[in-house]
>>> print(open('input.csv').read())   # CSV, C-alpha atoms and all ligand atoms
chain,number,residue,atom,x,y,z
A,1,MET,CA,197.3,73.9,136.4
A,2,LYS,CA,199.8,71.3,135.3
A,3,ARG,CA,197.2,69.5,133.3
A,4,TYR,CA,196.3,72.7,131.4
A,5,PHE,CA,199.9,73.2,130.6
A,6,ILE,CA,200.2,69.7,129.1
A,7,THR,CA,197.0,70.3,127.1
A,8,ILE,CA,198.4,73.5,125.7
A,9,THR,CA,201.7,71.9,124.8
A,10,LEU,CA,199.8,69.1,123.0
A,11,LEU,CA,197.8,71.6,121.1
A,12,ILE,CA,200.8,73.5,120.0
A,13,ALA,CA,202.5,70.3,119.0
A,14,LEU,CA,199.4,69.3,117.0
A,15,LEU,CA,199.3,72.8,115.4
A,16,ALA,CA,202.9,72.5,114.4
A,17,LEU,CA,202.2,69.2,112.7
A,18,CYS,CA,199.5,70.8,110.6
A,19,LEU,CA,201.8,73.6,109.4
A,20,PRO,CA,203.5,73.2,106.1
A,21,GLY,CA,207.0,72.2,106.8
A,22,PRO,CA,210.0,72.2,106.9
A,23,ALA,CA,210.1,75.9,107.4
A,24,MET,CA,212.5,76.8,110.1
A,25,ALA,CA,212.6,80.5,109.8
A,26,GLY,CA,210.4,83.5,109.5
A,27,GLY,CA,210.1,87.1,108.6
A,28,ILE,CA,208.9,90.4,110.0
A,29,SER,CA,206.4,92.6,108.2
A,30,GLY,CA,204.6,95.7,109.3
A,31,THR,CA,203.5,99.2,108.9
A,32,VAL,CA,205.0,102.4,110.2
A,33,LYS,CA,202.7,105.3,111.1
A,34,VAL,CA,204.2,108.8,111.4
A,35,LYS,CA,203.1,111.9,113.3
A,36,GLY,CA,204.2,115.3,112.0
A,37,LEU,CA,205.5,114.1,108.6
A,38,ARG,CA,203.6,114.0,105.4
A,39,SER,CA,204.8,110.6,104.2
A,40,PRO,CA,205.7,107.4,106.0
A,41,ALA,CA,208.0,106.4,103.1
A,42,ASN,CA,211.8,106.1,103.2
A,43,ILE,CA,212.1,104.9,106.8
A,44,LEU,CA,214.8,102.4,107.4
A,45,VAL,CA,213.6,99.4,109.6
A,46,TYR,CA,216.3,97.0,110.6
A,47,LEU,CA,217.5,94.3,113.1
A,48,THR,CA,220.2,95.6,115.4
A,49,LYS,CA,221.7,92.2,115.7
A,50,ALA,CA,221.3,89.0,113.8
A,51,PRO,CA,223.0,85.6,113.5
A,52,PRO,CA,225.6,85.5,110.7
A,53,ALA,CA,223.8,85.1,107.3
A,54,PHE,CA,225.3,83.9,104.1
A,55,VAL,CA,224.6,86.4,101.3
A,56,ASP,CA,226.0,86.2,97.8
A,57,LEU,CA,227.2,89.8,97.0
A,58,SER,CA,229.1,89.0,93.9
A,59,LYS,CA,226.3,90.2,91.6
A,60,THR,CA,225.1,93.2,93.6
A,61,LYS,CA,225.0,96.6,92.0
A,62,PHE,CA,224.2,99.6,94.1
A,63,VAL,CA,223.5,102.9,92.4
A,64,MET,CA,222.7,106.3,93.8
A,65,ASP,CA,221.4,108.3,90.8
A,66,GLN,CA,221.3,112.0,90.3
A,67,GLN,CA,218.3,113.2,88.3
A,68,ASN,CA,216.4,116.5,88.3
A,69,LEU,CA,218.6,117.8,91.2
A,70,THR,CA,217.6,114.8,93.3
A,71,PHE,CA,219.5,111.8,94.6
A,72,ILE,CA,217.6,108.6,93.9
A,73,PRO,CA,216.9,106.7,96.2
A,74,HIS,CA,216.7,109.0,99.1
A,75,ILE,CA,217.7,106.2,101.5
A,76,LEU,CA,220.0,103.5,100.3
A,77,PRO,CA,220.9,100.7,102.8
A,78,ILE,CA,223.9,98.6,101.7
A,79,PRO,CA,225.9,95.8,103.4
A,80,VAL,CA,229.2,96.8,104.8
A,81,GLY,CA,231.9,96.4,102.2
A,82,ALA,CA,229.7,97.4,99.2
A,83,THR,CA,230.6,99.9,96.6
A,84,ILE,CA,228.1,102.5,95.3
A,85,GLN,CA,228.0,104.0,91.8
A,86,PHE,CA,227.1,107.7,91.6
A,87,PRO,CA,226.2,108.4,88.0
A,88,ASN,CA,225.4,111.9,87.0
A,89,ASN,CA,222.2,111.4,84.9
A,90,ASP,CA,221.2,115.1,85.1
A,91,LYS,CA,221.6,118.0,82.7
A,92,VAL,CA,223.9,119.9,85.0
A,93,ASP,CA,227.2,119.3,86.9
A,94,HIS,CA,227.1,118.0,90.5
A,95,ASN,CA,229.6,117.8,93.2
A,96,VAL,CA,228.7,114.8,95.5
A,97,PHE,CA,230.4,114.7,98.9
A,98,SER,CA,229.9,113.6,102.5
A,99,LEU,CA,231.2,115.0,105.7
A,100,SER,CA,230.1,111.9,107.6
A,101,ARG,CA,232.4,110.3,110.2
A,102,THR,CA,231.5,106.9,108.8
A,103,ARG,CA,232.8,107.6,105.3
A,104,PRO,CA,233.9,111.1,104.4
A,105,PHE,CA,234.5,111.7,100.6
A,106,ASN,CA,234.4,114.3,97.9
A,107,LEU,CA,233.9,113.3,94.3
A,108,GLY,CA,234.5,116.8,93.0
A,109,SER,CA,232.5,118.5,90.3
A,110,TYR,CA,231.5,116.1,87.4
A,111,GLU,CA,229.5,116.3,84.2
A,112,PRO,CA,226.4,114.6,83.0
A,113,GLY,CA,227.2,111.1,81.8
A,114,GLU,CA,230.1,110.6,84.2
A,115,VAL,CA,230.0,107.9,86.9
A,116,LYS,CA,232.1,107.9,90.2
A,117,THR,CA,232.2,105.1,92.8
A,118,VAL,CA,232.8,105.0,96.5
A,119,LEU,CA,233.5,101.9,98.8
A,120,PHE,CA,231.8,101.8,102.2
A,121,ASP,CA,233.8,99.6,104.6
A,122,LYS,CA,232.5,100.8,107.9
A,123,PRO,CA,228.9,100.5,109.3
A,124,GLY,CA,227.1,103.7,110.0
A,125,ILE,CA,225.2,106.6,108.4
A,126,VAL,CA,226.6,108.5,105.5
A,127,GLU,CA,224.8,111.8,104.7
A,128,VAL,CA,225.3,112.6,101.1
A,129,ARG,CA,225.1,116.2,99.8
A,130,CYS,CA,225.9,118.2,96.7
A,131,ASP,CA,228.2,121.2,96.9
A,132,VAL,CA,226.4,122.9,94.0
A,133,HIS,CA,222.8,122.3,95.1
A,134,ALA,CA,222.2,122.8,98.8
A,135,GLU,CA,218.8,121.2,98.7
A,136,MET,CA,220.2,117.8,97.5
A,137,ALA,CA,220.5,115.2,100.3
A,138,ALA,CA,220.4,111.5,100.6
A,139,TYR,CA,221.4,108.9,103.2
A,140,ILE,CA,223.5,105.7,102.8
A,141,MET,CA,223.0,103.3,105.6
A,142,VAL,CA,226.0,100.9,105.9
A,143,MET,CA,224.5,97.9,107.6
A,144,LYS,CA,226.1,95.1,109.7
A,145,ASN,CA,223.5,92.5,108.7
A,146,PRO,CA,221.3,92.0,105.7
A,147,TYR,CA,218.0,92.1,107.6
A,148,PHE,CA,216.6,95.5,106.8
A,149,ALA,CA,214.0,97.2,104.7
A,150,VAL,CA,212.9,100.7,103.7
A,151,THR,CA,209.2,101.6,104.0
A,152,ASP,CA,207.1,102.2,100.9
A,153,ALA,CA,204.7,105.1,100.2
A,154,LYS,CA,202.2,103.6,102.6
A,155,GLY,CA,204.7,102.9,105.4
A,156,ARG,CA,204.8,99.2,104.8
A,157,PHE,CA,207.9,97.1,105.1
A,158,GLU,CA,209.0,93.4,104.9
A,159,ILE,CA,212.2,91.9,106.3
A,160,PRO,CA,213.8,90.2,104.3
A,161,ASP,CA,212.7,92.6,101.6
A,162,ALA,CA,212.3,90.5,98.4
A,163,ASN,CA,212.0,93.6,96.1
A,164,TYR,CA,215.2,95.1,97.5
A,165,LEU,CA,217.1,91.8,97.2
A,166,LYS,CA,216.0,91.5,93.6
A,167,GLU,CA,216.6,95.1,92.6
A,168,TYR,CA,220.1,95.2,93.9
A,169,GLY,CA,221.1,91.6,93.0
A,170,PHE,CA,221.4,90.1,96.4
A,171,SER,CA,221.0,86.3,96.4
A,172,GLY,CA,221.1,83.5,98.9
A,173,LEU,CA,219.6,85.3,101.8
A,174,THR,CA,217.6,83.1,104.1
A,175,ASP,CA,214.7,84.1,106.2
A,176,ILE,CA,215.4,85.3,109.8
A,177,PRO,CA,216.2,82.4,112.1
A,178,PRO,CA,213.5,82.1,114.8
A,179,GLY,CA,214.2,84.0,118.0
A,180,LYS,CA,214.0,87.3,119.8
A,181,TYR,CA,215.4,90.4,118.1
A,182,PHE,CA,215.3,94.2,118.3
A,183,VAL,CA,213.9,96.2,115.4
A,184,LYS,CA,215.1,99.7,115.1
A,185,THR,CA,214.1,102.6,112.8
A,186,ARG,CA,216.0,105.4,111.2
A,187,HIS,CA,214.8,108.5,109.4
A,188,GLU,CA,216.4,111.9,109.5
A,189,LYS,CA,213.3,113.7,110.8
A,190,LEU,CA,211.9,111.0,113.1
A,191,LYS,CA,212.8,109.9,116.6
A,192,THR,CA,214.4,106.5,116.5
A,193,ILE,CA,212.5,103.7,118.2
A,194,LYS,CA,213.6,100.2,119.2
A,195,GLN,CA,211.1,97.4,119.7
A,196,ALA,CA,211.5,93.8,120.7
A,197,VAL,CA,210.1,91.3,118.3
A,198,VAL,CA,209.9,87.5,118.3
A,199,VAL,CA,210.3,85.8,115.0
A,200,PRO,CA,208.3,82.6,114.8
A,201,ASN,CA,209.6,79.2,113.6
A,202,ALA,CA,207.6,79.6,110.4
A,203,GLY,CA,205.7,82.4,108.8
A,204,THR,CA,205.8,86.1,109.4
A,205,ILE,CA,205.2,88.2,112.5
A,206,SER,CA,203.4,91.4,111.8
A,207,ILE,CA,204.2,94.6,113.8
A,208,GLN,CA,203.1,98.2,114.0
A,209,LEU,CA,205.5,101.0,114.7
A,210,GLU,CA,204.5,104.6,115.5
A,211,LEU,CA,207.0,107.3,115.0
A,212,SER,CA,207.0,111.0,115.8
A,213,ARG,CA,209.1,114.0,114.7
A,214,GLY,CA,212.4,114.5,116.5
A,215,THR,CA,216.1,113.9,116.4
A,216,PRO,CA,217.1,110.4,115.3
A,217,GLY,CA,219.7,108.3,117.1
A,218,VAL,CA,222.7,106.5,115.8
A,219,LEU,CA,222.5,103.4,113.6
A,220,TYR,CA,224.5,101.2,116.0
A,221,LYS,CA,225.6,101.8,119.6
A,301,CU,CU,224.0,119.0,92.6
>>> encode(input="input.csv", output="structure tokens", more="lines below")
Ligand SMILES: [Cu+2]
Amino acid sequence: MKRYFITITLLIALLALCLPGPAMAGGISGTVKVKGLRSPANILVYLTKAPPAFVDLSKTKFVMDQQNLTFIPHILPIPVGATIQFPNNDKVDHNVFSLSRTRPFNLGSYEPGEVKTVLFDKPGIVEVRCDVHAEMAAYIMVMKNPYFAVTDAKGRFEIPDANYLKEYGFSGLTDIPPGKYFVKTRHEKLKTIKQAVVVPNAGTISIQLELSRGTPGVLYK
């Protein structure tokens, strides 16, 4: 038994030598499947806890747009302390507000071409609505760490999310340090799930998540 263990250890050591180095970190990628919902898009996937990560936020720009009576994007995760711009790029007035406990606000009615801003300084979920158009809804997720992603139209995600980082001007974010983490999901119509995941020393771990319709949980306990 002991000899087997030594052999396996040697094999792992040899394999490690063959890998391109000096990568000391990894990522998480995967696919989310949903039951009872048409699209697996717009699902937040995030690490509940992560070691402190240096991120340069000085060039970030977060925008929640208003076009054709719709907030774009539907889900916008941001790091705690970020400010979001709410431009009205529509043909009609909107009145953007939130009754959330995380960050209640009311921007009042404003015209096409106008921009208003809100600072989000507490982690949590902020449901955004429009007082003029009851069908308009979006979610701002104020995150404690920068390791999160939103699923695409096929339910795919990647943490860290290179496209997101580029789009919003994040820089300097390193891969996830190796170790055991918990991945959690959040979508307004899906039951929240939490799954353990081990990030390898190098490369990406691939996971599958299956969600079904139901009431979601909170972002952080
Ligand atoms: Cu509106």
>>> residues_near_ligand(input="input.csv", ligand="ligand CU 301 (chain A)", cutoff="6 Å", atoms="all atoms listed in the file", output="PyMOL selection string")
chain A and resi 69+94-95+130+132-133
>>> atom_distance(input="input.csv", atom1="atom CA of Ser39 of chain A", atom2="atom CA of Val63 of chain A")
23.4 Å
>>> residues_around(input="input.csv", residues="Ala82 of chain A", least_positions_apart="3", cutoff="12 Å", atoms="only C-alpha atoms", output="VMD selection string")
chain A and resid 56 to 63 76 to 79 85 117 to 123 140 to 144 146 168 170
>>> residues_around(input="input.csv", residues="segment 189-204 of chain A", least_positions_apart="3", cutoff="7 Å", atoms="only C-alpha atoms", output="list in words")
Ala23, Met24, Ala25, Gly26, Gly27, Ile28, Ser29, Pro178, Gly179, Lys180, Tyr181, Phe182, Val183, Lys184, Thr185, Arg186, Leu211, Ser212, Arg213, Gly214, Thr215, Pro216 and Gly217 of chain A
>>> residues_near_point(input="input.csv", point="(227.9, 106.6, 109.3)", cutoff="7 Å", atoms="all atoms listed in the file", output="number ranges by chain")
A: 100-103, 123-126, 141-142
>>> closest_residue(input="input.csv", among="A:Ile75, A:Ser206, A:Ala137, A:Thr48", to="Phe97 of chain A", atoms="all atoms listed in the file")
A:Ala137
>>> residues_around(input="input.csv", residues="Thr70 of chain A", least_positions_apart="5", cutoff="9 Å", atoms="only C-alpha atoms", output="ChimeraX atom specification")
/A:65,90,135-138
>>> closest_residue(input="input.csv", among="A:Ile84, A:Ile176, A:Leu219, A:Leu209", to="Pro40 of chain A", atoms="all atoms listed in the file")
A:Leu209
>>> atom_distance(input="input.csv", atom1="atom CA of Pro160 of chain A", atom2="atom CA of Leu47 of chain A")
10.4 Å
>>> atom_distance(input="input.csv", atom1="atom CA of Lys35 of chain A", atom2="atom CA of Phe148 of chain A")
22.2 Å
>>> closest_residue(input="input.csv", among="A:Gln67, A:Ser98, A:Thr174, A:Asn88", to="Pro52 of chain A", atoms="all atoms listed in the file")
A:Thr174
>>> closest_residue(input="input.csv", among="A:Phe86, A:Phe54, A:Tyr46, A:Phe157", to="Val115 of chain A", atoms="all atoms listed in the file")
A:Phe86
>>> closest_residue(input="input.csv", among="A:Ala134, A:Leu99, A:Ala162, A:Leu173", to="Ala149 of chain A", atoms="all atoms listed in the file")
A:Ala162
>>> decode(input="input.csv", residues="segment 73-176 of chain A", atoms="C-alpha atoms", output="mmCIF file, in the first residue's frame")
data_model
loop_
_atom_site.group_PDB
_atom_site.id
_atom_site.type_symbol
_atom_site.label_atom_id
_atom_site.label_comp_id
_atom_site.auth_asym_id
_atom_site.auth_seq_id
_atom_site.Cartn_x
_atom_site.Cartn_y
_atom_site.Cartn_z
ATOM 1 C CA PRO A 73 -27.523 44.373 -18.861
ATOM 2 C CA HIS A 74 -30.159 42.456 -16.923
ATOM 3 C CA ILE A 75 -27.597 41.379 -14.322
ATOM 4 C CA LEU A 76 -24.676 43.626 -13.486
ATOM 5 C CA PRO A 77 -22.159 42.396 -10.905
ATOM 6 C CA ILE A 78 -19.837 45.084 -9.555
ATOM 7 C CA PRO A 79 -17.177 45.214 -6.862
ATOM 8 C CA VAL A 80 -18.245 46.875 -3.630
ATOM 9 C CA GLY A 81 -17.447 50.583 -3.752
ATOM 10 C CA ALA A 82 -18.174 50.977 -7.472
ATOM 11 C CA THR A 83 -20.381 53.629 -9.024
ATOM 12 C CA ILE A 84 -22.853 52.848 -11.803
ATOM 13 C CA GLN A 85 -24.037 55.249 -14.480
ATOM 14 C CA PHE A 86 -27.698 55.048 -15.470
ATOM 15 C CA PRO A 87 -28.041 56.851 -18.816
ATOM 16 C CA ASN A 88 -31.453 57.229 -20.373
ATOM 17 C CA ASN A 89 -30.811 56.229 -24.003
ATOM 18 C CA ASP A 90 -34.480 55.695 -24.727
ATOM 19 C CA LYS A 91 -37.153 57.772 -26.423
ATOM 20 C CA VAL A 92 -39.206 58.215 -23.269
ATOM 21 C CA ASP A 93 -38.648 59.336 -19.670
ATOM 22 C CA HIS A 94 -37.774 56.771 -17.017
ATOM 23 C CA ASN A 95 -37.790 56.843 -13.231
ATOM 24 C CA VAL A 96 -35.148 54.410 -11.981
ATOM 25 C CA PHE A 97 -35.372 53.346 -8.357
ATOM 26 C CA SER A 98 -34.653 50.539 -5.902
ATOM 27 C CA LEU A 99 -36.414 49.529 -2.721
ATOM 28 C CA SER A 100 -33.573 47.132 -1.847
ATOM 29 C CA ARG A 101 -32.153 47.003 1.659
ATOM 30 C CA THR A 102 -28.614 46.911 0.217
ATOM 31 C CA ARG A 103 -28.917 50.272 -1.547
ATOM 32 C CA PRO A 104 -32.270 52.024 -1.724
ATOM 33 C CA PHE A 105 -32.399 54.979 -4.141
ATOM 34 C CA ASN A 106 -34.749 56.941 -6.362
ATOM 35 C CA LEU A 107 -33.386 58.867 -9.331
ATOM 36 C CA GLY A 108 -36.697 60.558 -10.107
ATOM 37 C CA SER A 109 -38.090 60.993 -13.602
ATOM 38 C CA TYR A 110 -35.488 61.917 -16.218
ATOM 39 C CA GLU A 111 -35.328 62.567 -19.918
ATOM 40 C CA PRO A 112 -33.608 60.875 -22.858
ATOM 41 C CA GLY A 113 -29.949 61.925 -22.958
ATOM 42 C CA GLU A 114 -29.640 62.427 -19.198
ATOM 43 C CA VAL A 115 -27.283 60.332 -17.041
ATOM 44 C CA LYS A 116 -27.550 59.717 -13.291
ATOM 45 C CA THR A 117 -25.119 57.856 -11.048
ATOM 46 C CA VAL A 118 -25.335 55.783 -7.864
ATOM 47 C CA LEU A 119 -22.539 54.561 -5.566
ATOM 48 C CA PHE A 120 -22.846 51.039 -4.155
ATOM 49 C CA ASP A 121 -20.875 50.715 -0.920
ATOM 50 C CA LYS A 122 -22.424 47.618 0.649
ATOM 51 C CA PRO A 123 -22.399 44.035 -0.671
ATOM 52 C CA GLY A 124 -25.733 42.499 -1.609
ATOM 53 C CA ILE A 125 -28.472 42.452 -4.210
ATOM 54 C CA VAL A 126 -30.073 45.601 -5.563
ATOM 55 C CA GLU A 127 -33.240 45.065 -7.564
ATOM 56 C CA VAL A 128 -33.684 47.976 -9.954
ATOM 57 C CA ARG A 129 -37.106 48.991 -11.262
ATOM 58 C CA CYS A 130 -38.702 51.831 -13.188
ATOM 59 C CA ASP A 131 -41.637 53.684 -11.682
ATOM 60 C CA VAL A 132 -43.080 54.427 -15.137
ATOM 61 C CA HIS A 133 -42.729 50.949 -16.682
ATOM 62 C CA ALA A 134 -43.604 48.097 -14.326
ATOM 63 C CA GLU A 135 -42.090 45.483 -16.654
ATOM 64 C CA MET A 136 -38.579 46.974 -16.394
ATOM 65 C CA ALA A 137 -36.344 45.097 -13.943
ATOM 66 C CA ALA A 138 -32.640 44.479 -13.496
ATOM 67 C CA TYR A 139 -30.299 43.299 -10.771
ATOM 68 C CA ILE A 140 -27.095 44.831 -9.507
ATOM 69 C CA MET A 141 -24.962 42.385 -7.552
ATOM 70 C CA VAL A 142 -22.546 44.166 -5.252
ATOM 71 C CA MET A 143 -19.751 41.638 -4.773
ATOM 72 C CA LYS A 144 -17.240 41.121 -1.949
ATOM 73 C CA ASN A 145 -14.552 39.650 -4.226
ATOM 74 C CA PRO A 146 -13.791 39.929 -7.946
ATOM 75 C CA TYR A 147 -14.205 36.215 -8.711
ATOM 76 C CA PHE A 148 -17.573 36.044 -10.443
ATOM 77 C CA ALA A 149 -19.147 35.637 -13.863
ATOM 78 C CA VAL A 150 -22.530 35.828 -15.559
ATOM 79 C CA THR A 151 -23.580 32.968 -17.839
ATOM 80 C CA ASP A 152 -23.901 33.543 -21.576
ATOM 81 C CA ALA A 153 -26.790 32.452 -23.832
ATOM 82 C CA LYS A 154 -25.575 28.842 -23.680
ATOM 83 C CA GLY A 155 -25.154 28.821 -19.903
ATOM 84 C CA ARG A 156 -21.370 28.958 -20.070
ATOM 85 C CA PHE A 157 -19.195 30.863 -17.620
ATOM 86 C CA GLU A 158 -15.537 31.407 -16.786
ATOM 87 C CA ILE A 159 -14.041 32.744 -13.535
ATOM 88 C CA PRO A 160 -12.164 35.052 -13.829
ATOM 89 C CA ASP A 161 -14.242 36.315 -16.736
ATOM 90 C CA ALA A 162 -11.848 37.870 -19.257
ATOM 91 C CA ASN A 163 -14.627 39.440 -21.339
ATOM 92 C CA TYR A 164 -16.204 41.072 -18.317
ATOM 93 C CA LEU A 165 -12.859 42.400 -17.082
ATOM 94 C CA LYS A 166 -12.146 43.906 -20.479
ATOM 95 C CA GLU A 167 -15.618 45.337 -21.004
ATOM 96 C CA TYR A 168 -15.703 47.159 -17.667
ATOM 97 C CA GLY A 169 -12.037 48.157 -17.493
ATOM 98 C CA PHE A 170 -10.869 45.947 -14.620
ATOM 99 C CA SER A 171 -7.180 45.252 -14.690
ATOM 100 C CA GLY A 172 -4.592 43.440 -12.618
ATOM 101 C CA LEU A 173 -6.836 40.594 -11.499
ATOM 102 C CA THR A 174 -4.880 37.365 -11.081
ATOM 103 C CA ASP A 175 -6.272 33.868 -11.458
ATOM 104 C CA ILE A 176 -7.817 32.170 -8.453
#
